[in-house]
$ cat run.cif   # mmCIF, C-alpha atoms
data_entry
#
loop_
_atom_site.group_PDB
_atom_site.id
_atom_site.type_symbol
_atom_site.label_atom_id
_atom_site.label_comp_id
_atom_site.auth_asym_id
_atom_site.auth_seq_id
_atom_site.Cartn_x
_atom_site.Cartn_y
_atom_site.Cartn_z
ATOM 1 C CA MET K 1 89.703 31.846 73.780
ATOM 2 C CA PRO K 2 86.483 33.773 72.858
ATOM 3 C CA GLN K 3 83.244 31.819 72.597
ATOM 4 C CA GLY K 4 82.083 31.080 69.043
ATOM 5 C CA VAL K 5 78.714 31.874 67.480
ATOM 6 C CA GLY K 6 76.993 29.166 65.451
ATOM 7 C CA ALA K 7 73.935 29.029 63.213
ATOM 8 C CA GLY K 8 71.155 31.572 63.733
ATOM 9 C CA ASP K 9 72.959 34.856 63.095
ATOM 10 C CA ASP K 10 74.101 36.400 59.821
ATOM 11 C CA ALA K 11 77.418 34.540 59.999
ATOM 12 C CA ALA K 12 79.216 32.033 62.191
ATOM 13 C CA VAL K 13 82.005 33.242 64.472
ATOM 14 C CA VAL K 14 84.683 30.635 65.114
ATOM 15 C CA PRO K 15 87.434 30.818 67.741
ATOM 16 C CA PHE K 16 90.732 30.535 65.881
ATOM 17 C CA PRO K 17 93.932 29.262 67.525
ATOM 18 C CA PRO K 18 96.855 31.704 67.454
ATOM 19 C CA ALA K 19 99.821 31.096 65.122
ATOM 20 C CA SER K 20 97.611 28.975 62.842
ATOM 21 C CA ARG K 21 96.596 28.984 59.201
ATOM 22 C CA LEU K 22 93.129 28.421 57.806
ATOM 23 C CA VAL K 23 92.468 25.309 55.705
ATOM 24 C CA VAL K 24 89.332 25.234 53.529
ATOM 25 C CA SER K 25 87.819 22.605 51.229
ATOM 26 C CA SER K 26 84.529 22.445 49.348
ATOM 27 C CA ASP K 27 82.716 19.561 47.667
ATOM 28 C CA ARG K 28 79.525 19.283 45.678
ATOM 29 C CA ILE K 29 77.645 15.993 45.833
ATOM 30 C CA PRO K 30 75.356 15.044 42.932
ATOM 31 C CA GLU K 31 71.728 14.748 43.988
ATOM 32 C CA ASP K 32 71.460 11.547 41.958
ATOM 33 C CA LEU K 33 74.355 9.863 43.767
ATOM 34 C CA LEU K 34 74.416 6.241 42.650
ATOM 35 C CA ALA K 35 73.840 4.871 46.169
ATOM 36 C CA ARG K 36 70.745 7.057 46.519
ATOM 37 C CA ARG K 37 69.529 6.201 43.034
ATOM 38 C CA LEU K 38 69.737 2.502 43.897
ATOM 39 C CA GLY K 39 67.674 3.090 47.059
ATOM 40 C CA LEU K 40 70.535 2.256 49.419
ATOM 41 C CA MET K 41 71.029 5.619 51.151
ATOM 42 C CA SER K 42 68.713 7.311 53.638
ATOM 43 C CA ALA K 43 68.350 11.090 53.850
ATOM 44 C CA ALA K 44 70.398 11.178 57.079
ATOM 45 C CA GLU K 45 73.157 9.121 55.459
ATOM 46 C CA PHE K 46 73.163 11.523 52.514
ATOM 47 C CA GLY K 47 73.745 14.375 54.962
ATOM 48 C CA GLN K 48 76.550 12.456 56.648
ATOM 49 C CA TYR K 49 78.130 11.739 53.263
ATOM 50 C CA LEU K 50 77.902 15.415 52.335
ATOM 51 C CA VAL K 51 79.938 16.387 55.395
ATOM 52 C CA ALA K 52 82.379 13.466 55.189
ATOM 53 C CA VAL K 53 83.879 14.304 51.815
ATOM 54 C CA SER K 54 84.931 17.847 52.685
ATOM 55 C CA VAL K 55 86.038 17.029 56.246
ATOM 56 C CA SER K 56 88.214 14.247 54.820
ATOM 57 C CA ASP K 57 90.091 16.794 52.715
ATOM 58 C CA ILE K 58 90.816 18.827 55.842
ATOM 59 C CA ALA K 59 92.177 15.749 57.627
ATOM 60 C CA ALA K 60 94.357 14.823 54.638
ATOM 61 C CA MET K 61 96.176 18.148 55.004
ATOM 62 C CA GLY K 62 96.912 17.314 58.636
ATOM 63 C CA ALA K 63 94.509 20.002 59.839
ATOM 64 C CA LYS K 64 92.174 19.870 62.804
ATOM 65 C CA PRO K 65 88.557 20.597 61.797
ATOM 66 C CA LEU K 66 86.776 23.715 63.005
ATOM 67 C CA GLY K 67 83.417 23.613 61.268
ATOM 68 C CA THR K 68 81.327 22.952 58.177
ATOM 69 C CA LEU K 69 78.977 25.071 56.066
ATOM 70 C CA LEU K 70 76.228 23.619 53.854
ATOM 71 C CA THR K 71 74.960 25.206 50.651
ATOM 72 C CA LEU K 72 71.724 23.647 49.463
ATOM 73 C CA GLY K 73 70.092 24.748 46.219
ATOM 74 C CA LEU K 74 66.679 23.056 46.096
ATOM 75 C CA THR K 75 63.809 22.848 43.645
ATOM 76 C CA SER K 76 60.360 23.959 44.793
ATOM 77 C CA ASP K 77 59.142 20.355 44.983
ATOM 78 C CA PHE K 78 62.056 19.054 47.091
ATOM 79 C CA PRO K 79 60.525 17.025 49.994
ATOM 80 C CA VAL K 80 60.744 19.003 53.248
ATOM 81 C CA ASP K 81 60.864 15.855 55.396
ATOM 82 C CA TYR K 82 63.820 14.569 53.379
ATOM 83 C CA LEU K 83 65.575 17.921 53.830
ATOM 84 C CA ARG K 84 65.077 17.821 57.596
ATOM 85 C CA GLU K 85 66.565 14.327 57.833
ATOM 86 C CA LEU K 86 69.464 15.279 55.558
ATOM 87 C CA VAL K 87 70.355 18.235 57.782
ATOM 88 C CA ARG K 88 69.999 16.127 60.938
ATOM 89 C CA GLY K 89 72.414 13.587 59.462
ATOM 90 C CA ALA K 90 74.877 16.324 58.513
ATOM 91 C CA VAL K 91 74.708 17.925 61.966
ATOM 92 C CA ALA K 92 75.253 14.586 63.717
ATOM 93 C CA ALA K 93 78.224 13.768 61.489
ATOM 94 C CA GLY K 94 79.766 17.181 62.045
ATOM 95 C CA ARG K 95 79.575 16.739 65.801
ATOM 96 C CA THR K 96 81.096 13.261 65.581
ATOM 97 C CA TRP K 97 84.074 14.466 63.547
ATOM 98 C CA GLY K 98 84.661 17.723 65.417
ATOM 99 C CA SER K 99 83.460 19.842 62.499
ATOM 100 C CA PRO K 100 80.046 21.182 63.594
ATOM 101 C CA VAL K 101 77.625 22.480 60.985
ATOM 102 C CA LEU K 102 77.658 26.217 61.654
ATOM 103 C CA GLY K 103 75.281 27.386 58.956
ATOM 104 C CA GLY K 104 75.426 28.023 55.229
ATOM 105 C CA ASP K 105 72.637 28.782 52.800
ATOM 106 C CA THR K 106 69.425 27.207 51.546
ATOM 107 C CA SER K 107 67.867 28.696 48.433
ATOM 108 C CA SER K 108 65.492 27.981 45.582
ATOM 109 C CA SER K 109 67.090 26.586 42.447
ATOM 110 C CA SER K 110 66.005 25.266 39.061
ATOM 111 C CA ALA K 111 68.145 22.173 39.719
ATOM 112 C CA ILE K 112 69.198 20.484 42.951
ATOM 113 C CA SER K 113 72.728 21.386 44.074
ATOM 114 C CA LEU K 114 74.128 20.135 47.400
ATOM 115 C CA SER K 115 77.574 21.129 48.647
ATOM 116 C CA SER K 116 79.576 21.391 51.848
ATOM 117 C CA SER K 117 82.581 23.480 52.815
ATOM 118 C CA ALA K 118 84.755 22.367 55.706
ATOM 119 C CA PHE K 119 87.445 24.427 57.344
ATOM 120 C CA GLY K 120 90.167 23.700 59.863
ATOM 121 C CA HIS K 121 93.468 24.981 61.148
ATOM 122 C CA LEU K 122 97.141 24.116 60.804
ATOM 123 C CA PRO K 123 100.276 25.286 62.577
ATOM 124 C CA ALA K 124 101.643 28.296 60.704
ATOM 125 C CA ASP K 125 104.756 26.466 59.530
ATOM 126 C CA ARG K 126 103.446 23.030 58.496
ATOM 127 C CA ALA K 127 101.004 21.194 56.215
ATOM 128 C CA LEU K 128 100.696 17.776 54.608
ATOM 129 C CA THR K 129 100.669 18.098 50.831
ATOM 130 C CA ARG K 130 100.792 15.847 47.798
ATOM 131 C CA SER K 131 104.094 17.218 46.542
ATOM 132 C CA GLY K 132 106.634 16.087 49.148
ATOM 133 C CA ALA K 133 107.354 12.466 48.148
ATOM 134 C CA ARG K 134 110.993 11.723 47.274
ATOM 135 C CA SER K 135 112.753 8.722 45.779
ATOM 136 C CA GLY K 136 113.283 6.066 48.445
ATOM 137 C CA ASP K 137 110.275 7.070 50.572
ATOM 138 C CA ILE K 138 107.902 4.308 51.650
ATOM 139 C CA LEU K 139 104.393 4.292 50.163
ATOM 140 C CA ALA K 140 101.583 3.331 52.543
ATOM 141 C CA VAL K 141 97.853 3.440 53.154
ATOM 142 C CA SER K 142 96.016 4.022 56.429
ATOM 143 C CA GLY K 143 93.620 1.089 56.220
ATOM 144 C CA ALA K 144 91.917 -1.491 54.049
ATOM 145 C CA VAL K 145 90.946 -0.275 50.580
ATOM 146 C CA GLY K 146 88.503 -1.546 47.991
ATOM 147 C CA GLY K 147 85.434 -1.749 50.226
ATOM 148 C CA PHE K 148 83.670 1.208 48.628
ATOM 149 C CA GLY K 149 84.531 0.072 45.107
ATOM 150 C CA ALA K 150 83.418 -3.472 45.890
ATOM 151 C CA ALA K 151 80.083 -2.173 47.170
ATOM 152 C CA LEU K 152 79.613 0.048 44.136
ATOM 153 C CA ALA K 153 80.400 -2.813 41.760
ATOM 154 C CA TYR K 154 78.241 -5.324 43.608
ATOM 155 C CA PHE K 155 75.083 -3.229 43.963
ATOM 156 C CA THR K 156 75.340 -1.947 40.399
ATOM 157 C CA ALA K 157 75.729 -5.478 39.049
ATOM 158 C CA GLN K 158 72.920 -6.727 41.275
ATOM 159 C CA SER K 159 70.561 -3.999 40.062
ATOM 160 C CA GLU K 160 71.171 -5.286 36.543
ATOM 161 C CA GLY K 161 70.710 -8.934 37.510
ATOM 162 C CA ALA K 162 74.407 -9.664 36.995
ATOM 163 C CA ALA K 163 75.393 -10.626 40.556
ATOM 164 C CA PRO K 164 74.260 -13.403 42.897
ATOM 165 C CA GLN K 165 72.748 -12.471 46.260
ATOM 166 C CA LEU K 166 75.457 -12.346 48.942
ATOM 167 C CA PRO K 167 74.696 -13.295 52.567
ATOM 168 C CA SER K 168 72.749 -10.544 54.352
ATOM 169 C CA LYS K 169 75.650 -9.738 56.704
ATOM 170 C CA SER K 170 77.995 -9.163 53.764
ATOM 171 C CA ALA K 171 75.414 -7.126 51.874
ATOM 172 C CA GLU K 172 74.763 -4.875 54.874
ATOM 173 C CA GLU K 173 78.483 -4.303 55.445
ATOM 174 C CA LEU K 174 78.877 -3.432 51.768
ATOM 175 C CA ARG K 175 75.999 -0.979 52.029
ATOM 176 C CA ALA K 176 77.633 0.630 55.069
ATOM 177 C CA ARG K 177 80.923 1.006 53.195
ATOM 178 C CA LEU K 178 79.074 2.665 50.337
ATOM 179 C CA VAL K 179 76.854 5.121 52.194
ATOM 180 C CA ARG K 180 78.775 5.851 55.417
ATOM 181 C CA PRO K 181 82.412 6.624 54.548
ATOM 182 C CA THR K 182 84.443 7.869 57.522
ATOM 183 C CA PRO K 183 87.144 10.562 57.278
ATOM 184 C CA ARG K 184 90.409 9.973 59.148
ATOM 185 C CA VAL K 185 90.109 13.107 61.276
ATOM 186 C CA ASP K 186 92.453 11.883 64.025
ATOM 187 C CA LEU K 187 95.159 10.351 61.867
ATOM 188 C CA GLY K 188 95.794 13.346 59.588
ATOM 189 C CA PRO K 189 96.772 15.734 62.424
ATOM 190 C CA ALA K 190 98.749 12.924 64.094
ATOM 191 C CA LEU K 191 100.807 12.466 60.918
ATOM 192 C CA LEU K 192 101.422 16.202 60.737
ATOM 193 C CA GLU K 193 103.066 16.032 64.156
ATOM 194 C CA ARG K 194 105.456 13.378 62.844
ATOM 195 C CA GLU K 195 107.804 15.141 60.492
ATOM 196 C CA TRP K 196 108.738 11.881 58.777
ATOM 197 C CA CYS K 197 105.472 11.954 56.775
ATOM 198 C CA THR K 198 106.477 13.479 53.418
ATOM 199 C CA SER K 199 103.186 13.532 51.472
ATOM 200 C CA CYS K 200 99.533 12.710 52.025
ATOM 201 C CA MET K 201 96.127 12.742 50.328
ATOM 202 C CA ASP K 202 92.768 11.093 50.905
ATOM 203 C CA ILE K 203 91.363 8.434 48.610
ATOM 204 C CA THR K 204 88.157 9.848 47.145
ATOM 205 C CA ASP K 205 88.343 8.926 43.448
ATOM 206 C CA GLY K 206 89.831 5.440 43.749
ATOM 207 C CA LEU K 207 93.289 4.247 44.754
ATOM 208 C CA GLY K 208 94.564 4.222 41.168
ATOM 209 C CA GLN K 209 93.490 7.804 40.564
ATOM 210 C CA SER K 210 94.956 8.904 43.903
ATOM 211 C CA LEU K 211 98.299 7.265 43.112
ATOM 212 C CA THR K 212 98.356 9.023 39.760
ATOM 213 C CA GLU K 213 97.627 12.399 41.356
ATOM 214 C CA LEU K 214 100.233 11.878 44.096
ATOM 215 C CA SER K 215 102.795 10.832 41.488
ATOM 216 C CA GLU K 216 102.116 13.883 39.350
ATOM 217 C CA ALA K 217 102.221 16.306 42.294
ATOM 218 C CA SER K 218 105.539 14.941 43.583
ATOM 219 C CA GLN K 219 106.948 14.253 40.093
ATOM 220 C CA ILE K 220 107.891 10.766 41.196
ATOM 221 C CA GLY K 221 106.999 7.191 40.286
ATOM 222 C CA PHE K 222 106.153 4.306 42.588
ATOM 223 C CA ASP K 223 107.222 0.694 42.932
ATOM 224 C CA ILE K 224 104.018 -1.017 44.067
ATOM 225 C CA ASP K 225 103.666 -4.501 45.539
ATOM 226 C CA VAL K 226 99.979 -5.347 45.103
ATOM 227 C CA GLU K 227 100.227 -8.379 47.368
ATOM 228 C CA ALA K 228 101.202 -6.117 50.290
ATOM 229 C CA LEU K 229 98.163 -3.877 49.747
ATOM 230 C CA PRO K 230 95.554 -4.317 52.523
ATOM 231 C CA LEU K 231 92.337 -5.125 50.690
ATOM 232 C CA HIS K 232 88.997 -5.001 52.462
ATOM 233 C CA PRO K 233 87.886 -8.640 52.925
ATOM 234 C CA LEU K 234 84.643 -8.043 51.036
ATOM 235 C CA THR K 235 86.643 -7.092 47.960
ATOM 236 C CA TRP K 236 87.577 -10.746 47.575
ATOM 237 C CA GLU K 237 83.994 -11.871 48.149
ATOM 238 C CA VAL K 238 82.602 -9.465 45.554
ATOM 239 C CA SER K 239 85.422 -10.294 43.143
ATOM 240 C CA LYS K 240 84.424 -13.953 43.211
ATOM 241 C CA ALA K 241 80.709 -13.172 42.980
ATOM 242 C CA ILE K 242 80.894 -10.966 39.882
ATOM 243 C CA GLY K 243 84.010 -12.446 38.249
ATOM 244 C CA VAL K 244 86.290 -9.393 38.368
ATOM 245 C CA ASP K 245 89.925 -9.186 39.483
ATOM 246 C CA PRO K 246 89.990 -7.878 43.102
ATOM 247 C CA TYR K 247 92.823 -5.472 42.293
ATOM 248 C CA GLU K 248 90.800 -3.944 39.478
ATOM 249 C CA ILE K 249 88.150 -3.226 42.102
ATOM 250 C CA ALA K 250 90.646 -1.896 44.662
ATOM 251 C CA PHE K 251 92.451 0.410 42.242
ATOM 252 C CA GLY K 252 89.307 1.500 40.402
ATOM 253 C CA ILE K 253 86.615 3.970 41.371
ATOM 254 C CA GLY K 254 86.094 4.196 45.125
ATOM 255 C CA LEU K 255 85.694 6.671 47.979
ATOM 256 C CA ASP K 256 87.372 4.771 50.814
ATOM 257 C CA LEU K 257 88.541 8.014 52.551
ATOM 258 C CA GLU K 258 91.701 6.262 53.739
ATOM 259 C CA LEU K 259 94.902 8.297 53.598
ATOM 260 C CA LEU K 260 97.551 7.585 50.983
ATOM 261 C CA VAL K 261 100.901 8.486 52.496
ATOM 262 C CA THR K 262 104.642 8.515 51.836
ATOM 263 C CA PHE K 263 107.151 8.626 54.656
ATOM 264 C CA LYS K 264 110.895 8.438 55.243
ATOM 265 C CA ALA K 265 112.248 4.910 54.862
ATOM 266 C CA ASP K 266 113.855 4.757 58.309
ATOM 267 C CA ARG K 267 110.515 5.326 60.081
ATOM 268 C CA LEU K 268 108.707 2.126 59.120
ATOM 269 C CA ARG K 269 108.172 0.938 62.690
ATOM 270 C CA GLU K 270 106.735 4.299 63.764
ATOM 271 C CA ALA K 271 104.473 4.363 60.713
ATOM 272 C CA GLU K 272 103.155 0.893 61.489
ATOM 273 C CA SER K 273 102.490 1.942 65.092
ATOM 274 C CA VAL K 274 99.949 4.553 63.899
ATOM 275 C CA GLY K 275 98.210 2.091 61.580
ATOM 276 C CA LEU K 276 99.944 2.645 58.235
ATOM 277 C CA THR K 277 100.552 -0.357 55.972
ATOM 278 C CA ALA K 278 103.438 -0.138 53.505
ATOM 279 C CA PHE K 279 102.843 -1.492 50.001
ATOM 280 C CA GLY K 280 105.574 0.124 47.935
ATOM 281 C CA SER K 281 108.123 2.879 47.634
ATOM 282 C CA ALA K 282 108.731 6.062 45.676
ATOM 283 C CA ARG K 283 111.184 5.845 42.788
ATOM 284 C CA ALA K 284 112.559 8.028 40.064
ATOM 285 C CA GLY K 285 110.874 7.492 36.706
ATOM 286 C CA PHE K 286 107.638 5.670 35.967
ATOM 287 C CA THR K 287 105.395 3.601 38.235
ATOM 288 C CA GLN K 288 105.940 -0.159 38.254
ATOM 289 C CA VAL K 289 103.467 -2.662 39.713
ATOM 290 C CA ARG K 290 104.746 -5.975 41.073
ATOM 291 C CA ALA K 291 102.950 -9.172 42.045
ATOM 292 C CA GLY K 292 104.763 -12.034 43.736
ATOM 293 C CA GLY K 293 108.057 -10.175 43.433
ATOM 294 C CA ARG K 294 107.820 -9.988 39.644
ATOM 295 C CA PRO K 295 106.734 -7.060 37.474
ATOM 296 C CA ALA K 296 103.022 -7.247 36.688
ATOM 297 C CA GLN K 297 102.585 -4.120 34.587
ATOM 298 C CA ALA K 298 103.799 -0.593 34.052
ATOM 299 C CA GLY K 299 101.505 2.066 35.423
ATOM 300 C CA VAL K 300 98.597 1.820 37.836
ATOM 301 C CA PRO K 301 95.783 -0.713 37.246
ATOM 302 C CA GLY K 302 92.149 0.227 37.391
ATOM 303 C CA ARG K 303 90.384 3.424 36.452
ATOM 304 C CA GLY K 304 89.314 6.046 38.936
ATOM 305 C CA TRP K 305 86.634 8.685 38.881
ATOM 306 C CA GLU K 306 87.043 11.551 36.421
ATOM 307 C CA HIS K 307 84.753 14.425 37.288
ATOM 308 C CA PHE K 308 83.914 15.465 33.738
ATOM 309 C CA GLY K 309 83.953 11.995 32.230
ATOM 310 C CA GLY K 310 80.448 10.680 32.794
ATOM 311 C CA ASP K 311 78.036 9.070 35.192
ATOM 312 C CA ALA K 312 79.267 6.955 38.118
ATOM 313 C CA SER K 313 77.570 3.844 36.765
ATOM 314 C CA ASP K 314 79.480 4.283 33.484
ATOM 315 C CA PHE K 315 82.765 4.219 35.387
ATOM 316 C CA VAL K 316 81.708 1.149 37.346
ATOM 317 C CA ALA K 317 80.941 -0.588 34.078
ATOM 318 C CA ARG K 318 84.263 0.327 32.467
ATOM 319 C CA ALA K 319 86.404 -0.283 35.524
ATOM 320 C CA HIS K 320 84.855 -3.417 36.979
ATOM 321 C CA ARG K 321 83.349 -5.528 34.249
ATOM 322 C CA PRO K 322 85.430 -7.809 32.060
ATOM 323 C CA GLU K 323 85.181 -7.134 28.340
ATOM 324 C CA THR K 324 83.255 -9.608 26.281
ATOM 325 C CA SER K 325 83.880 -10.469 22.680
#
$ encode --input "run.cif" --output "structure tokens"
Amino acid sequence: MPQGVGAGDDAAVVPFPPASRLVVSSDRIPEDLLARRLGLMSAAEFGQYLVAVSVSDIAAMGAKPLGTLLTLGLTSDFPVDYLRELVRGAVAAGRTWGSPVLGGDTSSSSAISLSSSAFGHLPADRALTRSGARSGDILAVSGAVGGFGAALAYFTAQSEGAAPQLPSKSAEELRARLVRPTPRVDLGPALLEREWCTSCMDITDGLGQSLTELSEASQIGFDIDVEALPLHPLTWEVSKAIGVDPYEIAFGIGLDLELLVTFKADRLREAESVGLTAFGSARAGFTQVRAGGRPAQAGVPGRGWEHFGGDASDFVARAHRPETS
């Protein structure tokens, strides 16, 4: 295979496996990301975050990453030291996840705009999509969910004086969940190799929003058992601290970057062997949520991120705080 060419020339040259298809995803991250606004995220962690969100999309398609490009529109007063640390964080993350930063563009802008584009490759005849779920398939998730949403809810409430101080170990783990999300770069391609996986997407806008999008793409409903859902342990701790239902946190806004998956019902043991946890099944008609074996509600609880709907802190407030009379 020919040697690639990275940053430093007019364009990157990437060796491309034969009989493959190109997979591309792009994400823009707001400069005033809530974690950064609250003083919780370093410049290097911002760079890591910038790479993580687009690489996660590549993994969710079952693709193997090839590289990442950064496009940074910066105001004239943007701190150079911060920029250096941001790029260092992005480069380190790209190396870790097999998606090296190969270049991109940095330019002057009237407003700060930070985006990444990741690309990878798939076998020519296969891809994981959101549209393959069928009635009777098992619904599963690749790991504990709710950690990001719990962190977002806790630090937002704390900044407003509405949350007690948690032990330092818990607070640091919550901060890590918030500022250092990790894409499932190994699991996505592994699921692609197992033809029993029928649909897949990553959780970037909250579990509830992801379930809605998967349902719409596959034109199927789900029968969900919330008690089988693997919640991050800190979700319970934050729930108690701020007085909010833990499932409202888990299903609400949150960038856990776990994979939401459906698979054929006769492959449960194989699915569990690669780390998937079943918490429901696909069904014809509407989505039904159960708790303790009895129907809890129709539809999906919680409210996820809507990209044109407002500021992140507004969504935290609506999704995670109980209404008062």
$ resolve_selection --input "run.cif" --expression "the PyMOL selection byres ((chain K and resi 45) around 12)" --output "MDAnalysis selection string"
chainID K and resid 33 35:36 39:44 46:52 82:83 85:93 175:182
$ atom_distance --input "run.cif" --atom1 "CA of Ala217 in chain K" --atom2 "CA of Ser131 in chain K"
4.7 Å
$ atom_distance --input "run.cif" --atom1 "CA of Leu38 in chain K" --atom2 "CA of Ile112 in chain K"
18.0 Å
$ atom_distance --input "run.cif" --atom1 "CA of Cys200 in chain K" --atom2 "CA of Gly98 in chain K"
20.6 Å
$ closest_atom_pairs --input "run.cif" --of "range 200-244 of chain K" --to "range 262-282 of chain K" --cutoff "12 Å" --atoms "all atoms listed in the file" --output "JSON lines"
{"residue": "K:Cys200", "atom": "CA", "partner": "K:Thr262", "partner_atom": "CA", "distance": 6.6}
{"residue": "K:Met201", "atom": "CA", "partner": "K:Thr262", "partner_atom": "CA", "distance": 9.6}
{"residue": "K:Leu211", "atom": "CA", "partner": "K:Ala282", "partner_atom": "CA", "distance": 10.8}
{"residue": "K:Leu214", "atom": "CA", "partner": "K:Thr262", "partner_atom": "CA", "distance": 9.5}
{"residue": "K:Ser215", "atom": "CA", "partner": "K:Ala282", "partner_atom": "CA", "distance": 8.7}
{"residue": "K:Ser218", "atom": "CA", "partner": "K:Ala282", "partner_atom": "CA", "distance": 9.7}
{"residue": "K:Gln219", "atom": "CA", "partner": "K:Ala282", "partner_atom": "CA", "distance": 10.1}
{"residue": "K:Ile220", "atom": "CA", "partner": "K:Ala282", "partner_atom": "CA", "distance": 6.6}
{"residue": "K:Gly221", "atom": "CA", "partner": "K:Ala282", "partner_atom": "CA", "distance": 5.8}
{"residue": "K:Phe222", "atom": "CA", "partner": "K:Ala282", "partner_atom": "CA", "distance": 4.4}
{"residue": "K:Asp223", "atom": "CA", "partner": "K:Ser281", "partner_atom": "CA", "distance": 5.3}
{"residue": "K:Ile224", "atom": "CA", "partner": "K:Gly280", "partner_atom": "CA", "distance": 4.3}
{"residue": "K:Asp225", "atom": "CA", "partner": "K:Phe279", "partner_atom": "CA", "distance": 5.4}
{"residue": "K:Val226", "atom": "CA", "partner": "K:Phe279", "partner_atom": "CA", "distance": 6.9}
{"residue": "K:Glu227", "atom": "CA", "partner": "K:Phe279", "partner_atom": "CA", "distance": 7.8}
{"residue": "K:Ala228", "atom": "CA", "partner": "K:Phe279", "partner_atom": "CA", "distance": 4.9}
{"residue": "K:Leu229", "atom": "CA", "partner": "K:Phe279", "partner_atom": "CA", "distance": 5.3}
{"residue": "K:Pro230", "atom": "CA", "partner": "K:Thr277", "partner_atom": "CA", "distance": 7.2}
{"residue": "K:Leu231", "atom": "CA", "partner": "K:Thr277", "partner_atom": "CA", "distance": 10.9}
$ write_last_selection --input "run.cif" --atoms "C-alpha atoms" --output "mmCIF file, in the coordinates of the input"
data_model
loop_
_atom_site.group_PDB
_atom_site.id
_atom_site.type_symbol
_atom_site.label_atom_id
_atom_site.label_comp_id
_atom_site.auth_asym_id
_atom_site.auth_seq_id
_atom_site.Cartn_x
_atom_site.Cartn_y
_atom_site.Cartn_z
ATOM 1 C CA CYS K 200 99.533 12.710 52.025
ATOM 2 C CA MET K 201 96.127 12.742 50.328
ATOM 3 C CA LEU K 211 98.299 7.265 43.112
ATOM 4 C CA LEU K 214 100.233 11.878 44.096
ATOM 5 C CA SER K 215 102.795 10.832 41.488
ATOM 6 C CA SER K 218 105.539 14.941 43.583
ATOM 7 C CA GLN K 219 106.948 14.253 40.093
ATOM 8 C CA ILE K 220 107.891 10.766 41.196
ATOM 9 C CA GLY K 221 106.999 7.191 40.286
ATOM 10 C CA PHE K 222 106.153 4.306 42.588
ATOM 11 C CA ASP K 223 107.222 0.694 42.932
ATOM 12 C CA ILE K 224 104.018 -1.017 44.067
ATOM 13 C CA ASP K 225 103.666 -4.501 45.539
ATOM 14 C CA VAL K 226 99.979 -5.347 45.103
ATOM 15 C CA GLU K 227 100.227 -8.379 47.368
ATOM 16 C CA ALA K 228 101.202 -6.117 50.290
ATOM 17 C CA LEU K 229 98.163 -3.877 49.747
ATOM 18 C CA PRO K 230 95.554 -4.317 52.523
ATOM 19 C CA LEU K 231 92.337 -5.125 50.690
#
$ residues_around --input "run.cif" --residues "Thr198 in chain K" --least-positions-apart "4" --cutoff "8 Å" --atoms "only C-alpha atoms" --output "count of residues only"
10
$ residues_near_point --input "run.cif" --point "(91.3, 13.3, 60.6)" --cutoff "9 Å" --atoms "all atoms listed in the file" --output "list of chain:residue names"
K:Val55, K:Ser56, K:Asp57, K:Ile58, K:Ala59, K:Ala60, K:Met61, K:Gly62, K:Ala63, K:Lys64, K:Pro65, K:Trp97, K:Pro183, K:Arg184, K:Val185, K:Asp186, K:Leu187, K:Gly188, K:Pro189, K:Ala190
$ resolve_selection --input "run.cif" --expression "the PyMOL selection byres ((chain K and resi 236) around 10)" --output "list in words"
Gly146, Gly147, Ala150, Leu231, His232, Pro233, Leu234, Thr235, Glu237, Val238, Ser239, Lys240, Ala241, Val244, Asp245, Pro246, Tyr247, Ile249 and Ala250 of chain K
$ resolve_selection --input "run.cif" --expression "the PyMOL selection byres ((chain K and resi 121) around 9)" --output "VMD selection string"
chain K and resid 16 to 17 20 to 24 58 62 to 66 119 to 120 122 to 124
$ closest_residue --input "run.cif" --among "K:Arg28, K:Arg37, K:Arg290, K:Arg126" --to "Ser159 in chain K" --atoms "only C-alpha atoms"
K:Arg37
$ residues_near_point --input "run.cif" --point "(80.8, 22.4, 55.9)" --cutoff "9 Å" --atoms "all atoms listed in the file" --output "number ranges by chain"
K: 25-27, 50-51, 54-55, 67-71, 90, 94, 99-104, 115-119
$ closest_residue --input "run.cif" --among "K:Leu257, K:Leu34, K:Leu174, K:Val289" --to "Thr156 in chain K" --atoms "only C-alpha atoms"
K:Leu34
$ closest_residue --input "run.cif" --among "K:Leu191, K:Ser142, K:Asp9, K:Phe155" --to "Ser170 in chain K" --atoms "all atoms listed in the file"
K:Phe155
